[in-house]
Amino acid sequence: MHELGIVFHIIRSVEEVGRANQVRHIRAVALELGEVSGVVEEYLQDCWKWAAARSAMLDGAQLKVRTIPARTVCEACGEVYPTVQYGRQCPACKSEQTHLVQGNEMMIQEIEVDPESEAVPAADE
Amino acid sequence: MDEVKVLQVKQSVFAANDRQADQLRAQLKKKGIFLLNLMSSPGSGKTTTLKRTIEMLGGEFRIGVMEADIDSDVDARAIAVTGAKAIQLHTGGMCHLDAEMTRQGLEGLDADDVELAILENVGNLVCPAEFDTGAVKNAMILSVPEGHDKPLKYPLMFSVCDVVLVNKMDVMPYFDFDFDQCRAYVQMRNPNAVVIPICARTGEGMGPWIEWLRSQILAWRADDFATEKVEV
Ligand SMILES: Nc1nc2c(ncn2[C@@H]2O[C@H](COP(=O)(O)OP(=O)(O)OP(=O)(O)O)[C@@H](O)[C@H]2O)c(=O)[nH]1
Ligand SMILES: [Mg+2]
Ligand SMILES: [Zn+2]
Ligand SMILES: [Zn+2]
């Protein structure tokens, strides 16, 4: 399943950052998800619950997803339009010389650390 | 009070994997192992093409194959028949392999005496393209029954491939597959990709592919020696 693979990568990255900062427990992870990133948020959340529960650092942590709308720019006339609605073809001039400007991102933005879990020596993994 | 501390990360989900893939490539270079990542939809002929390829290389390189299969070991056994080293990677239902799984696979293959390692990725045109495995080159197979418009539908896959093998050329008469159109679509997405028509079932047309693979391996090795010389 696609979303499970993505979740494992998020967890691995977040644990890396957590270890580097001597964090014991994380309470939330903020993720930016593009509208055309190919990931279904509902499935992502299900996979997250399952996988986070198996990580000491992330057990019970919340995944906060912010959706980034997809926008395409037309190279012919400069129009910027919603990708999901119009696809590759510019609704203004009908050109197909267009490219995505935003909407395929999958960015881990920030981590919320449990206050009482800081300043613990690393390596109790 | 309960003051939450926030750590800024601002890192792509793929960033950690990209780093691991670069590390793996550097290690492979030191050991002189050429890793090829082979991708395609399910059933387009990865295993059949690999068997032919191993036969046609005829012992020129010591070959090890890693078969990513969700559950069975059918493909690994098919490869083992050729005499090449083969192992099964258990993906646990995952839709792609990443650099870490590939590294573990190479360990399992006991790859140190292998010169050409080939990874048969999970049959899927989406995620394998997003996750760098650490391979030196990426190859993909598109088979005739899948249609010539696939480069338009899966642009990322075609943009990460160094070579596209169009397989099952023998069934061309039964499909409306337009080879020239397909090549044009591939080149729209990736002007550097080499497109080679093959028939893995009969071995027809496999010569240019074997040539391509051999020249890539030799060029990569020569490059290796060049860097060594600079360091001396
Ligand atoms: N007609 C024809 N059939 C082929 C050719 N190459 C492979 N096949 C057949 O296609 C089917 C799938 O081939 P495989 O080599 O198992 O494909 P695969 O990509 O490894 O499949 P998975 O590992 O299941 O994703 C088999 O029945 C092959 O015999 C070809 O060139 N022509
Ligand atoms: Mg196979
Ligand atoms: Zn996937
Ligand atoms: Zn326009």
# chains A, B, ... in the order shown; residues from 1 in each chain; ligands from 1
$ interface_residues --of "chain B" --to "chain A" --cutoff "6 Å" --atoms "only C-alpha atoms" --output "list in words"
Val4, Lys5, Val6, Leu7, Gln8, Val9, Lys10, Gln11, Ser12, Val13, Met94 and Cys95 of chain B
$ residues_near_ligand --ligand "ligand 1" --cutoff "9 Å" --atoms "only C-alpha atoms and all ligand atoms" --output "compact mmCIF listing (two decimals) with N, CA, C and O atoms, in the first residue's frame"
# COMPACT_ATOMS: atom_id res chain seq x y z
N MET B 39 12.31 -1.72 -13.24
CA MET B 39 10.93 -1.43 -12.82
C MET B 39 9.96 -1.69 -13.96
O MET B 39 10.33 -1.65 -15.13
N SER B 40 8.71 -1.94 -13.62
CA SER B 40 7.65 -2.09 -14.63
C SER B 40 6.32 -2.34 -13.92
O SER B 40 6.29 -2.50 -12.72
N SER B 41 5.24 -2.41 -14.70
CA SER B 41 3.96 -2.86 -14.17
C SER B 41 4.06 -4.36 -13.90
O SER B 41 4.95 -5.01 -14.44
N PRO B 42 3.13 -4.91 -13.12
CA PRO B 42 3.14 -6.36 -12.92
C PRO B 42 3.01 -7.08 -14.26
O PRO B 42 2.20 -6.69 -15.10
N GLY B 43 3.83 -8.09 -14.46
CA GLY B 43 3.66 -8.96 -15.63
C GLY B 43 4.16 -8.44 -16.95
O GLY B 43 3.91 -9.05 -17.99
N SER B 44 4.90 -7.34 -16.98
CA SER B 44 5.35 -6.86 -18.29
C SER B 44 6.60 -7.58 -18.78
O SER B 44 7.04 -7.37 -19.90
N GLY B 45 7.16 -8.43 -17.91
CA GLY B 45 8.25 -9.29 -18.39
C GLY B 45 9.60 -9.07 -17.73
O GLY B 45 10.63 -9.40 -18.31
N LYS B 46 9.61 -8.59 -16.49
CA LYS B 46 10.88 -8.33 -15.80
C LYS B 46 11.68 -9.62 -15.62
O LYS B 46 12.85 -9.70 -15.98
N THR B 47 11.03 -10.63 -15.07
CA THR B 47 11.74 -11.88 -14.76
C THR B 47 12.20 -12.57 -16.05
O THR B 47 13.34 -13.03 -16.13
N THR B 48 11.33 -12.59 -17.06
CA THR B 48 11.69 -13.21 -18.34
C THR B 48 12.88 -12.48 -18.97
O THR B 48 13.83 -13.10 -19.45
N THR B 49 12.85 -11.16 -18.93
CA THR B 49 13.95 -10.35 -19.50
C THR B 49 15.25 -10.61 -18.74
O THR B 49 16.32 -10.74 -19.34
N LEU B 50 15.15 -10.71 -17.41
CA LEU B 50 16.35 -10.95 -16.61
C LEU B 50 16.96 -12.30 -16.93
O LEU B 50 18.18 -12.43 -17.07
N LYS B 51 16.12 -13.32 -17.07
CA LYS B 51 16.64 -14.66 -17.39
C LYS B 51 17.40 -14.63 -18.71
O LYS B 51 18.52 -15.13 -18.82
N GLU B 67 14.93 -10.19 -5.94
CA GLU B 67 13.56 -10.20 -6.41
C GLU B 67 12.65 -9.66 -5.32
O GLU B 67 12.54 -10.25 -4.25
N ALA B 68 11.99 -8.54 -5.61
CA ALA B 68 11.04 -8.01 -4.63
C ALA B 68 9.69 -8.61 -4.94
O ALA B 68 9.13 -8.37 -6.00
N ASP B 69 9.21 -9.41 -4.03
CA ASP B 69 7.90 -9.99 -4.23
C ASP B 69 7.16 -9.85 -2.92
O ASP B 69 7.74 -9.95 -1.86
N VAL B 74 8.60 -17.29 -6.29
CA VAL B 74 8.54 -17.83 -7.65
C VAL B 74 9.63 -17.23 -8.53
O VAL B 74 10.36 -17.94 -9.23
N ASP B 75 9.77 -15.89 -8.50
CA ASP B 75 10.72 -15.22 -9.37
C ASP B 75 12.16 -15.56 -9.00
O ASP B 75 13.00 -15.81 -9.87
N GLU B 120 14.93 -6.48 -9.09
CA GLU B 120 13.61 -6.47 -9.73
C GLU B 120 12.66 -5.82 -8.75
O GLU B 120 12.28 -6.40 -7.74
N ASN B 121 12.30 -4.58 -9.04
CA ASN B 121 11.48 -3.80 -8.12
C ASN B 121 10.04 -4.32 -8.11
O ASN B 121 9.67 -5.17 -8.91
N VAL B 122 9.22 -3.79 -7.21
CA VAL B 122 7.82 -4.19 -7.13
C VAL B 122 7.10 -3.72 -8.40
O VAL B 122 7.36 -2.64 -8.90
N GLY B 123 6.20 -4.55 -8.94
CA GLY B 123 5.47 -4.21 -10.16
C GLY B 123 4.50 -3.05 -9.92
O GLY B 123 3.45 -3.22 -9.30
N ASN B 124 4.88 -1.86 -10.40
CA ASN B 124 4.13 -0.65 -10.06
C ASN B 124 4.82 0.51 -10.78
O ASN B 124 6.03 0.60 -10.79
N ILE B 141 10.57 -1.57 -18.05
CA ILE B 141 10.00 -2.33 -19.15
C ILE B 141 8.56 -1.89 -19.34
O ILE B 141 7.79 -1.81 -18.38
N SER B 143 5.40 -3.12 -21.68
CA SER B 143 5.07 -4.17 -22.64
C SER B 143 3.95 -3.70 -23.56
O SER B 143 3.11 -2.87 -23.18
N VAL B 144 3.97 -4.23 -24.77
CA VAL B 144 3.04 -3.80 -25.82
C VAL B 144 1.57 -3.78 -25.37
O VAL B 144 0.86 -2.81 -25.63
N VAL B 166 10.87 -1.85 -24.60
CA VAL B 166 9.49 -2.11 -25.02
C VAL B 166 9.40 -3.60 -25.32
O VAL B 166 9.93 -4.08 -26.33
N ASN B 167 8.76 -4.33 -24.40
CA ASN B 167 8.77 -5.80 -24.47
C ASN B 167 7.49 -6.36 -25.11
O ASN B 167 6.50 -5.65 -25.23
N LYS B 168 7.57 -7.62 -25.45
CA LYS B 168 6.46 -8.37 -26.07
C LYS B 168 6.19 -7.84 -27.48
O LYS B 168 5.04 -7.70 -27.90
N MET B 169 7.26 -7.53 -28.20
CA MET B 169 7.11 -7.03 -29.57
C MET B 169 6.43 -8.08 -30.46
O MET B 169 5.84 -7.74 -31.48
N ASP B 170 6.50 -9.37 -30.04
CA ASP B 170 5.87 -10.43 -30.84
C ASP B 170 4.35 -10.31 -30.91
O ASP B 170 3.73 -10.80 -31.84
N VAL B 171 3.72 -9.64 -29.94
CA VAL B 171 2.26 -9.56 -29.95
C VAL B 171 1.75 -8.26 -30.61
O VAL B 171 0.55 -7.99 -30.62
N ILE B 198 12.16 -5.07 -27.60
CA ILE B 198 12.66 -6.44 -27.39
C ILE B 198 11.52 -7.44 -27.36
O ILE B 198 10.35 -7.07 -27.20
N CYS B 199 11.89 -8.71 -27.51
CA CYS B 199 10.95 -9.78 -27.24
C CYS B 199 11.66 -10.75 -26.31
O CYS B 199 12.52 -11.52 -26.75
N ALA B 200 11.34 -10.64 -25.03
CA ALA B 200 12.05 -11.46 -24.04
C ALA B 200 11.71 -12.94 -24.21
O ALA B 200 12.50 -13.81 -23.88
N ARG B 201 10.52 -13.22 -24.73
CA ARG B 201 10.10 -14.61 -24.89
C ARG B 201 11.04 -15.36 -25.85
O ARG B 201 11.49 -16.45 -25.55
N THR B 202 11.36 -14.71 -26.99
CA THR B 202 12.21 -15.38 -27.99
C THR B 202 13.66 -14.90 -27.93
O THR B 202 14.53 -15.53 -28.51
N GLY B 203 13.89 -13.76 -27.29
CA GLY B 203 15.25 -13.21 -27.25
C GLY B 203 15.52 -12.26 -28.41
O GLY B 203 16.60 -11.65 -28.48
N GLU B 204 14.54 -12.11 -29.27
CA GLU B 204 14.74 -11.24 -30.43
C GLU B 204 14.91 -9.78 -30.00
O GLU B 204 14.19 -9.30 -29.13
$ residues_around --residues "Glu41 (chain A)" --least-positions-apart "6" --cutoff "10 Å" --atoms "only C-alpha atoms" --output "compact mmCIF listing (two decimals) with all heavy atoms, in the first residue's frame"
# COMPACT_ATOMS: atom_id res chain seq x y z
N GLU A 3 0.38 4.46 0.86
CA GLU A 3 0.42 5.36 2.01
C GLU A 3 1.26 4.80 3.15
O GLU A 3 1.91 5.55 3.88
CB GLU A 3 -1.01 5.67 2.50
CG GLU A 3 -1.74 6.71 1.65
CD GLU A 3 -2.17 6.21 0.28
OE1 GLU A 3 -2.10 4.98 0.05
OE2 GLU A 3 -2.55 7.04 -0.57
N LEU A 33 0.79 18.49 2.40
CA LEU A 33 0.50 17.47 1.40
C LEU A 33 -0.15 18.12 0.18
O LEU A 33 -1.21 18.73 0.29
CB LEU A 33 -0.46 16.45 2.03
CG LEU A 33 -0.63 15.12 1.34
CD1 LEU A 33 0.69 14.37 1.29
CD2 LEU A 33 -1.67 14.29 2.09
N GLU A 35 -2.19 18.56 -3.26
CA GLU A 35 -3.46 18.00 -3.73
C GLU A 35 -3.24 16.91 -4.78
O GLU A 35 -4.05 15.99 -4.91
CB GLU A 35 -4.25 19.16 -4.36
CG GLU A 35 -5.72 19.06 -4.30
CD GLU A 35 -6.37 20.28 -5.00
OE1 GLU A 35 -5.66 21.22 -5.43
OE2 GLU A 35 -7.60 20.28 -5.10
N CYS A 47 -2.83 4.57 8.17
CA CYS A 47 -1.49 3.96 8.22
C CYS A 47 -0.68 4.59 9.34
O CYS A 47 0.08 3.92 10.04
CB CYS A 47 -0.76 4.14 6.90
SG CYS A 47 -1.52 3.26 5.55
N VAL A 65 -2.24 17.28 8.94
CA VAL A 65 -2.01 17.44 7.50
C VAL A 65 -2.60 18.75 7.01
O VAL A 65 -3.75 19.08 7.31
CB VAL A 65 -2.63 16.26 6.72
CG1 VAL A 65 -2.51 16.48 5.22
CG2 VAL A 65 -1.97 14.95 7.12
N ARG A 66 -1.79 19.52 6.30
CA ARG A 66 -2.29 20.73 5.65
C ARG A 66 -2.23 20.48 4.15
O ARG A 66 -1.18 20.13 3.61
CB ARG A 66 -1.42 21.93 6.02
CG ARG A 66 -2.02 23.26 5.59
CD ARG A 66 -1.29 24.41 6.28
NE ARG A 66 -0.06 24.75 5.57
CZ ARG A 66 -0.01 25.65 4.58
NH1 ARG A 66 -1.09 26.29 4.20
NH2 ARG A 66 1.14 25.92 3.99
N THR A 67 -3.37 20.64 3.48
CA THR A 67 -3.41 20.37 2.04
C THR A 67 -3.00 21.60 1.24
O THR A 67 -3.46 22.71 1.51
CB THR A 67 -4.83 19.94 1.62
OG1 THR A 67 -5.21 18.83 2.44
CG2 THR A 67 -4.88 19.51 0.17
$ residues_around --residues "region 21-29 of chain B" --least-positions-apart "2" --cutoff "8 Å" --atoms "only C-alpha atoms" --output "JSON, numbers by chain"
{"B": [17, 18, 19, 31, 32, 33, 34, 35, 99, 100, 103, 132, 133, 134, 135, 136, 224]}
$ residues_around --residues "Arg71 (chain A)" --least-positions-apart "6" --cutoff "7 Å" --atoms "only C-alpha atoms" --output "ChimeraX atom specification"
/A:80-83,100-103
$ write_last_selection --atoms "N, CA, C and O atoms" --output "PDB file, in the first residue's frame"
ATOM      1  N   VAL A  80      -2.508  31.385 -14.272  1.00  0.00           N
ATOM      2  CA  VAL A  80      -2.324  30.362 -13.237  1.00  0.00           C
ATOM      3  C   VAL A  80      -3.700  29.832 -12.879  1.00  0.00           C
ATOM      4  O   VAL A  80      -4.591  30.614 -12.546  1.00  0.00           O
ATOM      5  N   TYR A  81      -3.901  28.522 -13.001  1.00  0.00           N
ATOM      6  CA  TYR A  81      -5.244  27.977 -12.809  1.00  0.00           C
ATOM      7  C   TYR A  81      -5.234  26.716 -11.956  1.00  0.00           C
ATOM      8  O   TYR A  81      -4.196  26.069 -11.792  1.00  0.00           O
ATOM      9  N   PRO A  82      -6.413  26.353 -11.373  1.00  0.00           N
ATOM     10  CA  PRO A  82      -6.468  25.146 -10.542  1.00  0.00           C
ATOM     11  C   PRO A  82      -6.302  23.870 -11.379  1.00  0.00           C
ATOM     12  O   PRO A  82      -7.065  23.629 -12.311  1.00  0.00           O
ATOM     13  N   THR A  83      -5.293  23.077 -11.008  1.00  0.00           N
ATOM     14  CA  THR A  83      -4.918  21.895 -11.785  1.00  0.00           C
ATOM     15  C   THR A  83      -6.010  20.828 -11.804  1.00  0.00           C
ATOM     16  O   THR A  83      -6.294  20.233 -12.844  1.00  0.00           O
ATOM     17  N   LEU A 100       3.128  22.396 -13.578  1.00  0.00           N
ATOM     18  CA  LEU A 100       2.636  22.485 -12.205  1.00  0.00           C
ATOM     19  C   LEU A 100       3.528  23.430 -11.398  1.00  0.00           C
ATOM     20  O   LEU A 100       4.745  23.311 -11.452  1.00  0.00           O
ATOM     21  N   VAL A 101       2.933  24.397 -10.698  1.00  0.00           N
ATOM     22  CA  VAL A 101       3.761  25.251  -9.841  1.00  0.00           C
ATOM     23  C   VAL A 101       3.708  24.815  -8.381  1.00  0.00           C
ATOM     24  O   VAL A 101       4.664  24.987  -7.640  1.00  0.00           O
ATOM     25  N   GLN A 102       2.610  24.273  -7.957  1.00  0.00           N
ATOM     26  CA  GLN A 102       2.537  23.713  -6.603  1.00  0.00           C
ATOM     27  C   GLN A 102       1.458  22.644  -6.553  1.00  0.00           C
ATOM     28  O   GLN A 102       0.553  22.630  -7.385  1.00  0.00           O
ATOM     29  N   GLY A 103       1.582  21.733  -5.590  1.00  0.00           N
ATOM     30  CA  GLY A 103       0.537  20.721  -5.431  1.00  0.00           C
ATOM     31  C   GLY A 103       1.047  19.301  -5.386  1.00  0.00           C
ATOM     32  O   GLY A 103       0.278  18.374  -5.146  1.00  0.00           O
TER      33      GLY A 103
END
$ atom_distance --atom1 "CA of His90 (chain B)" --atom2 "CA of Asp162 (chain B)"
26.1 Å
$ residues_around --residues "region 187-190 of chain B" --least-positions-apart "4" --cutoff "7 Å" --atoms "only C-alpha atoms" --output "JSON, numbers by chain"
{"B": [155, 158, 159, 183]}
$ residues_near_ligand --ligand "ligand 4" --cutoff "12 Å" --atoms "only C-alpha atoms and all ligand atoms" --output "list in words"
Thr72, Val73, Cys74, Glu75, Ala76, Cys77, Gly78, Glu79, Val80, Tyr81, Tyr86, Arg88, Gln89, Cys90, Pro91, Ala92, Cys93, Lys94, Ser95, Glu96, Gln97, Thr98 and His99 of chain A
$ write_last_selection --atoms "N, CA, C and O atoms" --output "mmCIF file, in the first residue's frame"
data_model
loop_
_atom_site.group_PDB
_atom_site.id
_atom_site.type_symbol
_atom_site.label_atom_id
_atom_site.label_comp_id
_atom_site.auth_asym_id
_atom_site.auth_seq_id
_atom_site.Cartn_x
_atom_site.Cartn_y
_atom_site.Cartn_z
ATOM 1 N N THR A 72 -1.458 25.225 -11.728
ATOM 2 C CA THR A 72 -0.657 25.068 -12.940
ATOM 3 C C THR A 72 -0.503 26.427 -13.604
ATOM 4 O O THR A 72 -1.440 27.233 -13.587
ATOM 5 N N VAL A 73 0.675 26.670 -14.164
ATOM 6 C CA VAL A 73 0.881 27.926 -14.883
ATOM 7 C C VAL A 73 0.978 27.634 -16.384
ATOM 8 O O VAL A 73 1.539 26.627 -16.806
ATOM 9 N N CYS A 74 0.399 28.531 -17.180
ATOM 10 C CA CYS A 74 0.438 28.394 -18.638
ATOM 11 C C CYS A 74 1.647 29.169 -19.158
ATOM 12 O O CYS A 74 1.802 30.352 -18.877
ATOM 13 N N GLU A 75 2.502 28.459 -19.894
ATOM 14 C CA GLU A 75 3.710 29.109 -20.418
ATOM 15 C C GLU A 75 3.376 30.045 -21.583
ATOM 16 O O GLU A 75 4.120 30.967 -21.893
ATOM 17 N N ALA A 76 2.238 29.824 -22.215
ATOM 18 C CA ALA A 76 1.856 30.648 -23.367
ATOM 19 C C ALA A 76 1.283 32.001 -22.932
ATOM 20 O O ALA A 76 1.694 33.045 -23.428
ATOM 21 N N CYS A 77 0.323 31.988 -21.987
ATOM 22 C CA CYS A 77 -0.342 33.256 -21.644
ATOM 23 C C CYS A 77 -0.130 33.689 -20.197
ATOM 24 O O CYS A 77 -0.559 34.769 -19.805
ATOM 25 N N GLY A 78 0.528 32.841 -19.397
ATOM 26 C CA GLY A 78 0.835 33.248 -18.027
ATOM 27 C C GLY A 78 -0.265 32.992 -17.013
ATOM 28 O O GLY A 78 -0.089 33.233 -15.821
ATOM 29 N N GLU A 79 -1.392 32.492 -17.474
ATOM 30 C CA GLU A 79 -2.517 32.197 -16.571
ATOM 31 C C GLU A 79 -2.102 31.148 -15.516
ATOM 32 O O GLU A 79 -1.430 30.176 -15.848
ATOM 33 N N VAL A 80 -2.508 31.385 -14.272
ATOM 34 C CA VAL A 80 -2.324 30.362 -13.237
ATOM 35 C C VAL A 80 -3.700 29.832 -12.879
ATOM 36 O O VAL A 80 -4.591 30.614 -12.546
ATOM 37 N N TYR A 81 -3.901 28.522 -13.001
ATOM 38 C CA TYR A 81 -5.244 27.977 -12.809
ATOM 39 C C TYR A 81 -5.234 26.716 -11.956
ATOM 40 O O TYR A 81 -4.196 26.069 -11.792
ATOM 41 N N TYR A 86 -8.829 21.790 -14.308
ATOM 42 C CA TYR A 86 -8.580 21.931 -15.752
ATOM 43 C C TYR A 86 -7.501 21.026 -16.338
ATOM 44 O O TYR A 86 -7.347 20.952 -17.552
ATOM 45 N N ARG A 88 -4.086 19.576 -17.797
ATOM 46 C CA ARG A 88 -2.908 20.093 -18.497
ATOM 47 C C ARG A 88 -3.206 21.272 -19.409
ATOM 48 O O ARG A 88 -2.307 21.998 -19.811
ATOM 49 N N GLN A 89 -4.485 21.402 -19.801
ATOM 50 C CA GLN A 89 -4.784 22.416 -20.814
ATOM 51 C C GLN A 89 -5.246 23.732 -20.184
ATOM 52 O O GLN A 89 -6.170 23.748 -19.362
ATOM 53 N N CYS A 90 -4.615 24.827 -20.595
ATOM 54 C CA CYS A 90 -4.928 26.153 -20.053
ATOM 55 C C CYS A 90 -6.368 26.531 -20.395
ATOM 56 O O CYS A 90 -6.758 26.520 -21.562
ATOM 57 N N PRO A 91 -7.192 26.876 -19.367
ATOM 58 C CA PRO A 91 -8.594 27.220 -19.649
ATOM 59 C C PRO A 91 -8.712 28.569 -20.378
ATOM 60 O O PRO A 91 -9.726 28.831 -21.026
ATOM 61 N N ALA A 92 -7.695 29.414 -20.291
ATOM 62 C CA ALA A 92 -7.768 30.742 -20.914
ATOM 63 C C ALA A 92 -7.445 30.694 -22.402
ATOM 64 O O ALA A 92 -8.177 31.237 -23.223
ATOM 65 N N CYS A 93 -6.314 30.035 -22.764
ATOM 66 C CA CYS A 93 -5.883 30.089 -24.169
ATOM 67 C C CYS A 93 -5.801 28.708 -24.823
ATOM 68 O O CYS A 93 -5.412 28.601 -25.980
ATOM 69 N N LYS A 94 -6.117 27.659 -24.084
ATOM 70 C CA LYS A 94 -6.140 26.277 -24.598
ATOM 71 C C LYS A 94 -4.764 25.692 -24.910
ATOM 72 O O LYS A 94 -4.662 24.619 -25.499
ATOM 73 N N SER A 95 -3.708 26.392 -24.537
ATOM 74 C CA SER A 95 -2.362 25.848 -24.763
ATOM 75 C C SER A 95 -2.134 24.642 -23.835
ATOM 76 O O SER A 95 -2.703 24.567 -22.743
ATOM 77 N N GLU A 96 -1.301 23.695 -24.300
ATOM 78 C CA GLU A 96 -0.936 22.576 -23.424
ATOM 79 C C GLU A 96 0.485 22.701 -22.903
ATOM 80 O O GLU A 96 1.016 21.799 -22.277
ATOM 81 N N GLN A 97 1.113 23.849 -23.222
ATOM 82 C CA GLN A 97 2.452 24.133 -22.689
ATOM 83 C C GLN A 97 2.293 24.691 -21.279
ATOM 84 O O GLN A 97 2.341 25.902 -21.067
ATOM 85 N N THR A 98 2.081 23.786 -20.337
ATOM 86 C CA THR A 98 1.794 24.228 -18.979
ATOM 87 C C THR A 98 2.634 23.411 -18.007
ATOM 88 O O THR A 98 3.067 22.324 -18.345
ATOM 89 N N HIS A 99 2.882 23.941 -16.829
ATOM 90 C CA HIS A 99 3.523 23.114 -15.805
ATOM 91 C C HIS A 99 3.011 23.416 -14.406
ATOM 92 O O HIS A 99 2.554 24.511 -14.111
#
$ closest_residue --among "B:Asp110, B:Glu60, B:Asp176, B:Asp73" --to "ligand 2" --atoms "only C-alpha atoms and all ligand atoms"
B:Asp73
$ atom_distance --atom1 "CA of Phe179 (chain B)" --atom2 "CA of Ile54 (chain B)"
26.0 Å
$ closest_residue --among "B:Cys182, B:Cys127, B:Leu109, B:Ile79" --to "ligand 3" --atoms "only C-alpha atoms and all ligand atoms"
B:Cys127
$ select_by_dssp --residues "chain A" --states "alpha helix (DSSP H)" --output "PyMOL selection string"
chain A and resi 2-20+41-52+83-86
$ select_by_dssp --residues "region 40-75 of chain A" --states "strand (DSSP E or B)" --output "ChimeraX atom specification"
/A:62-68,71-74
$ closest_residue --among "A:Trp48, A:Leu63, A:Gly87, A:Met57" --to "Val36 (chain A)" --atoms "only C-alpha atoms"
A:Gly87
